[in-house]
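> Can you keep this structure in mind? I'll have questions shortly.
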Amino acid sequence: MLKSLAWLPAMASESGCDQYARRLEVGSKLFVKSQEALQLLAGHVSYLWPDPLQTSSLASFLGIQRSISVEFTAELLKSWCDRRGNESVPATFRTSLQHMRTVYNFLDEHMTKHQLADLLHHHPVIFHVVPSHAAAASVVEGKFLYRSEVMWADETGLFEKYRESLLNADPASAKLYRYPLSIVYSDMMEFFTQTVHVMRSPGVADFTQLLIHISTTCVVPRALPDVLSIFSLIGRRLFADGSAVDDAVRGGLERLKSEKVIPGKNGCWLGLECCPMIADDRQLEKMFPEDAAVFFVDCGEKLGVRKTAGLKGLQLCKVLNCSWY
């Protein structure tokens, strides 16, 4: 009977913070409030109050836990991140980044590679928060994500810029946005990129899809600098020595050729059916009146952002210089 009744004084936190309330609990649900327990479990379990004697046989008899197994920690983490049947809505959680770092390091150190891979690859165990100036030990609210929903960093900042637009669009576009980890776990790059194997940065295929999204949701004047930056990035990566074009990239480039993603000087998005040209010769450009059925690409001359790599990116879409005709 002593083992099954909630009669032991316990300290418990309802929200994972450092403020505990006292209540009565069953012995098997209690932990000794050790330094290891506080670091690994924080305020997410109940602790016996006050601490039992080290030699207490009654505490052992009642099932009060003094040590923490890797299996228990992994199962507890799974319970925190469980989406409860709604896979499209991440589980929210309140804890500190310091706590989550301790959990990740503990699992990385004590789990086998197979166990760790199964946990990291099949469960949304990556805790992400909106960056703030709060201390690492401060309790903050975040959400648990799959590794397919995160990346290490996007140095261009373009996916973050169009975050709201992507997330509020169709499901395919929403999946383009991945939450950056470098701004949350700046000191854990090796763990996330080499152990968890999250995507380091967006690839050419991701940028081609972002380009299509931008051209269908924004007007040319507003999006011109970003679109030219994307074409420039695509050009740099694909013309780099030794770069290989995989099927995903090749498919993305082919799709670009069928979409209206080319910014025109007429303020419209152009497709290849318009036979747009890069005005590399001003004299030839002046030969065509503004109402002529000739379309020139806006390469950002007025913005001062015209880049050779960007022109090469446009040429990958079969956009030619007007002097070549």
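Starting from 1 in every chain, residues are counted up; chains themselves are A, B, ... following the order of the structure tokens, and ligands are numbered from 1 as listed.
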Name all residues at most 8 Å from Thr73 in chain A (count only C-alpha atoms; drop same-chain ones fewer than 6 positions away) and give them as a VMD selection string.
chain A and resid 40 to 41 103 107
> Those residues with C-alpha atoms, as a compact mmCIF listing (two decimals), in the first residue's frame please?

```txt
# COMPACT_ATOMS: atom_id res chain seq x y z
CA LEU A 40 18.91 16.49 -17.22
CA LEU A 41 15.29 16.68 -16.10
CA VAL A 103 20.03 16.49 -22.78
CA LEU A 107 22.23 11.23 -25.27
```
> Any idea what's packed within 10 Å of Phe61 in chain A, counting only C-alpha atoms, ignoring anything in its chain fewer than 5 positions away? Could you give it as an NGL selection string?
:A and (2-3 or 27-28 or 56)
> Could you pull out the strand (DSSP E or B) residues of range 21-263 of chain A, going by DSSP on the backbone, and write them as number ranges by chain?
A: 21-25, 30-31, 43, 46-48, 65, 92-95, 126-128, 140-145, 150-151, 179-180, 199, 262-263
> Go ahead and dump the residues you just picked, N, CA and C atoms, as a JSON list (two decimals), in the first residue's frame.

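The resulting file, out_29.json, is shown below:
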```json
[["chain", "number", "residue", "atom", "x", "y", "z"],
["A", 21, "ALA", "N", 5.88, 23.84, -6.73],
["A", 21, "ALA", "CA", 4.76, 23.76, -5.78],
["A", 21, "ALA", "C", 4.85, 22.42, -5.06],
["A", 22, "ARG", "N", 4.35, 22.40, -3.85],
["A", 22, "ARG", "CA", 4.42, 21.16, -3.08],
["A", 22, "ARG", "C", 3.10, 20.40, -3.19],
["A", 23, "ARG", "N", 3.22, 19.07, -3.27],
["A", 23, "ARG", "CA", 2.05, 18.21, -3.34],
["A", 23, "ARG", "C", 2.45, 16.81, -2.90],
["A", 24, "LEU", "N", 1.49, 15.92, -2.78],
["A", 24, "LEU", "CA", 1.75, 14.54, -2.40],
["A", 24, "LEU", "C", 1.81, 13.68, -3.66],
["A", 25, "GLU", "N", 2.75, 12.73, -3.69],
["A", 25, "GLU", "CA", 2.98, 11.93, -4.89],
["A", 25, "GLU", "C", 3.32, 10.50, -4.53],
["A", 30, "LEU", "N", 8.84, 9.78, -8.20],
["A", 30, "LEU", "CA", 9.70, 10.81, -7.63],
["A", 30, "LEU", "C", 11.18, 10.56, -7.90],
["A", 31, "PHE", "N", 11.93, 11.66, -7.96],
["A", 31, "PHE", "CA", 13.38, 11.61, -8.11],
["A", 31, "PHE", "C", 14.02, 12.32, -6.93],
["A", 43, "GLY", "N", 12.76, 21.03, -14.43],
["A", 43, "GLY", "CA", 11.53, 21.06, -13.66],
["A", 43, "GLY", "C", 10.43, 20.21, -14.26],
["A", 46, "SER", "N", 8.86, 15.32, -10.81],
["A", 46, "SER", "CA", 8.64, 15.67, -9.40],
["A", 46, "SER", "C", 9.80, 15.15, -8.56],
["A", 47, "TYR", "N", 10.18, 15.93, -7.56],
["A", 47, "TYR", "CA", 11.29, 15.58, -6.68],
["A", 47, "TYR", "C", 10.79, 15.35, -5.25],
["A", 48, "LEU", "N", 11.41, 14.37, -4.59],
["A", 48, "LEU", "CA", 11.09, 14.13, -3.19],
["A", 48, "LEU", "C", 11.57, 15.30, -2.35],
["A", 65, "GLN", "N", 13.66, 7.32, -7.35],
["A", 65, "GLN", "CA", 14.77, 7.13, -8.29],
["A", 65, "GLN", "C", 15.94, 8.07, -7.97],
["A", 92, "THR", "N", 4.63, 22.46, -28.40],
["A", 92, "THR", "CA", 5.27, 23.57, -27.71],
["A", 92, "THR", "C", 5.76, 23.09, -26.34],
["A", 93, "PHE", "N", 6.78, 23.77, -25.84],
["A", 93, "PHE", "CA", 7.42, 23.30, -24.61],
["A", 93, "PHE", "C", 8.13, 24.47, -23.96],
["A", 94, "ARG", "N", 8.19, 24.45, -22.63],
["A", 94, "ARG", "CA", 8.90, 25.49, -21.90],
["A", 94, "ARG", "C", 10.08, 24.86, -21.15],
["A", 95, "THR", "N", 11.26, 25.33, -21.46],
["A", 95, "THR", "CA", 12.47, 24.91, -20.77],
["A", 95, "THR", "C", 13.58, 25.88, -21.14],
["A", 126, "ILE", "N", 14.20, 18.29, -31.98],
["A", 126, "ILE", "CA", 15.04, 19.49, -32.02],
["A", 126, "ILE", "C", 14.26, 20.67, -31.48],
["A", 127, "PHE", "N", 14.69, 21.16, -30.33],
["A", 127, "PHE", "CA", 14.00, 22.26, -29.65],
["A", 127, "PHE", "C", 14.47, 23.59, -30.24],
["A", 128, "HIS", "N", 13.52, 24.36, -30.74],
["A", 128, "HIS", "CA", 13.85, 25.64, -31.38],
["A", 128, "HIS", "C", 13.08, 26.76, -30.71],
["A", 140, "VAL", "N", 12.33, 29.45, -21.48],
["A", 140, "VAL", "CA", 11.68, 30.10, -22.61],
["A", 140, "VAL", "C", 10.73, 29.10, -23.27],
["A", 141, "GLU", "N", 9.82, 29.62, -24.06],
["A", 141, "GLU", "CA", 8.89, 28.74, -24.78],
["A", 141, "GLU", "C", 9.41, 28.51, -26.20],
["A", 142, "GLY", "N", 9.38, 27.26, -26.62],
["A", 142, "GLY", "CA", 9.82, 26.91, -27.96],
["A", 142, "GLY", "C", 8.98, 25.77, -28.50],
["A", 143, "LYS", "N", 9.44, 25.19, -29.59],
["A", 143, "LYS", "CA", 8.71, 24.06, -30.17],
["A", 143, "LYS", "C", 9.69, 23.02, -30.69],
["A", 144, "PHE", "N", 9.23, 21.78, -30.72],
["A", 144, "PHE", "CA", 10.06, 20.67, -31.16],
["A", 144, "PHE", "C", 9.84, 20.40, -32.64],
["A", 145, "LEU", "N", 10.95, 20.25, -33.37],
["A", 145, "LEU", "CA", 10.90, 20.10, -34.82],
["A", 145, "LEU", "C", 11.65, 18.87, -35.30],
["A", 150, "VAL", "N", 14.42, 21.92, -40.13],
["A", 150, "VAL", "CA", 15.46, 22.86, -39.70],
["A", 150, "VAL", "C", 16.65, 22.81, -40.65],
["A", 151, "MET", "N", 17.51, 23.79, -40.54],
["A", 151, "MET", "CA", 18.79, 23.82, -41.23],
["A", 151, "MET", "C", 19.77, 24.50, -40.31],
["A", 179, "TYR", "N", 13.74, 26.22, -40.05],
["A", 179, "TYR", "CA", 14.16, 27.06, -38.93],
["A", 179, "TYR", "C", 15.68, 26.97, -38.73],
["A", 180, "PRO", "N", 16.37, 28.11, -38.70],
["A", 180, "PRO", "CA", 17.83, 28.09, -38.54],
["A", 180, "PRO", "C", 18.26, 27.77, -37.12],
["A", 199, "MET", "N", 20.47, 19.83, -42.68],
["A", 199, "MET", "CA", 20.96, 20.52, -43.87],
["A", 199, "MET", "C", 21.79, 21.73, -43.44],
["A", 262, "ILE", "N", 11.50, 35.79, -64.58],
["A", 262, "ILE", "CA", 12.52, 36.73, -65.06],
["A", 262, "ILE", "C", 11.97, 38.15, -64.94],
["A", 263, "PRO", "N", 12.64, 39.01, -64.18],
["A", 263, "PRO", "CA", 12.14, 40.39, -64.01],
["A", 263, "PRO", "C", 12.33, 41.22, -65.27]]
```
> Quick one: contact table of range 88-186 of chain A to range 226-240 of chain A, 12 Å max, nearest atom pair and distance in Å to one decimal per residue, counting only C-alpha atoms, chain and number order, as a tab-separated table?

```
residue	atom	partner	partner_atom	distance
A:Glu155	CA	A:Leu233	CA	11.4
A:Thr156	CA	A:Ser229	CA	8.7
A:Gly157	CA	A:Asp226	CA	10.0
A:Leu158	CA	A:Asp226	CA	7.4
A:Phe159	CA	A:Asp226	CA	10.5
A:Lys161	CA	A:Asp226	CA	9.8
A:Tyr162	CA	A:Asp226	CA	10.3
```
> With only C-alpha atoms as the counted atoms, please give the residues lying no more than 10 Å from Asn266 in chain A, apart from itself and same-chain residues fewer than 3 positions off, as a ChimeraX atom specification.
/A:220,263,269-270,290-291,295-298
> For Tyr146 in chain A, work out the shell of residues within 7 Å, counting only C-alpha atoms and skipping chain neighbours fewer than 2 positions away, then give it as a PyMOL selection string.
chain A and resi 123-126+148-149
> May I ask which of the residues A:Arg255, A:His213, A:His44, A:Arg222 is the closest one to Leu167 in chain A, counting only C-alpha atoms?
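Checking each of A:Arg255, A:His213, A:His44, A:Arg222 against Leu167 in chain A, counting only C-alpha atoms, the winner is A:His213.
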> Which one of A:Ala174, A:Leu62, A:Leu76, A:Ala42 sits closest to Ser88 in chain A if you count only C-alpha atoms?
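Of A:Ala174, A:Leu62, A:Leu76, A:Ala42, the one nearest Ser88 in chain A is A:Ala174, counting only C-alpha atoms.
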> What is the CA of Pro276 in chain A to CA of Glu301 in chain A distance in Å?
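For CA of Pro276 in chain A relative to CA of Glu301 in chain A, the distance reads 16.3 Å.
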> Considering only C-alpha atoms, return as a list in words whatever protein or nucleic-acid residues lie within 10 Å of range 110-122 of chain A, sequence-local ones (same chain, fewer than 3 positions apart) excluded.
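Answer for this query is Ser69, Val70, Glu71, Ala74, Glu75, Leu77, Lys78, Tyr104, Asn105, Phe106, Leu107, Val125, Ile126, Tyr146, Arg147, Ser148, Phe192, Thr195, Val196, His197 and Val198 of chain A.
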> Would you compute the distance between CA of Pro171 in chain A and CA of Asp206 in chain A? Give it in Å to one decimal.
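Computing the Euclidean distance for CA of Pro171 in chain A and CA of Asp206 in chain A yields 14.6 Å.
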> Between CA of Gly271 in chain A and CA of Glu160 in chain A, what is the distance in Å, rounded to a tenth?
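So the answer is 26.5 Å.
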> Taking the chain letters and numbering used in this document, name the residues of range 45-179 of chain A that DSSP puts in alpha helix (DSSP H), as a ChimeraX atom specification.
/A:57-61,70-81,97-110,113-122,158-161,163-167,171-174
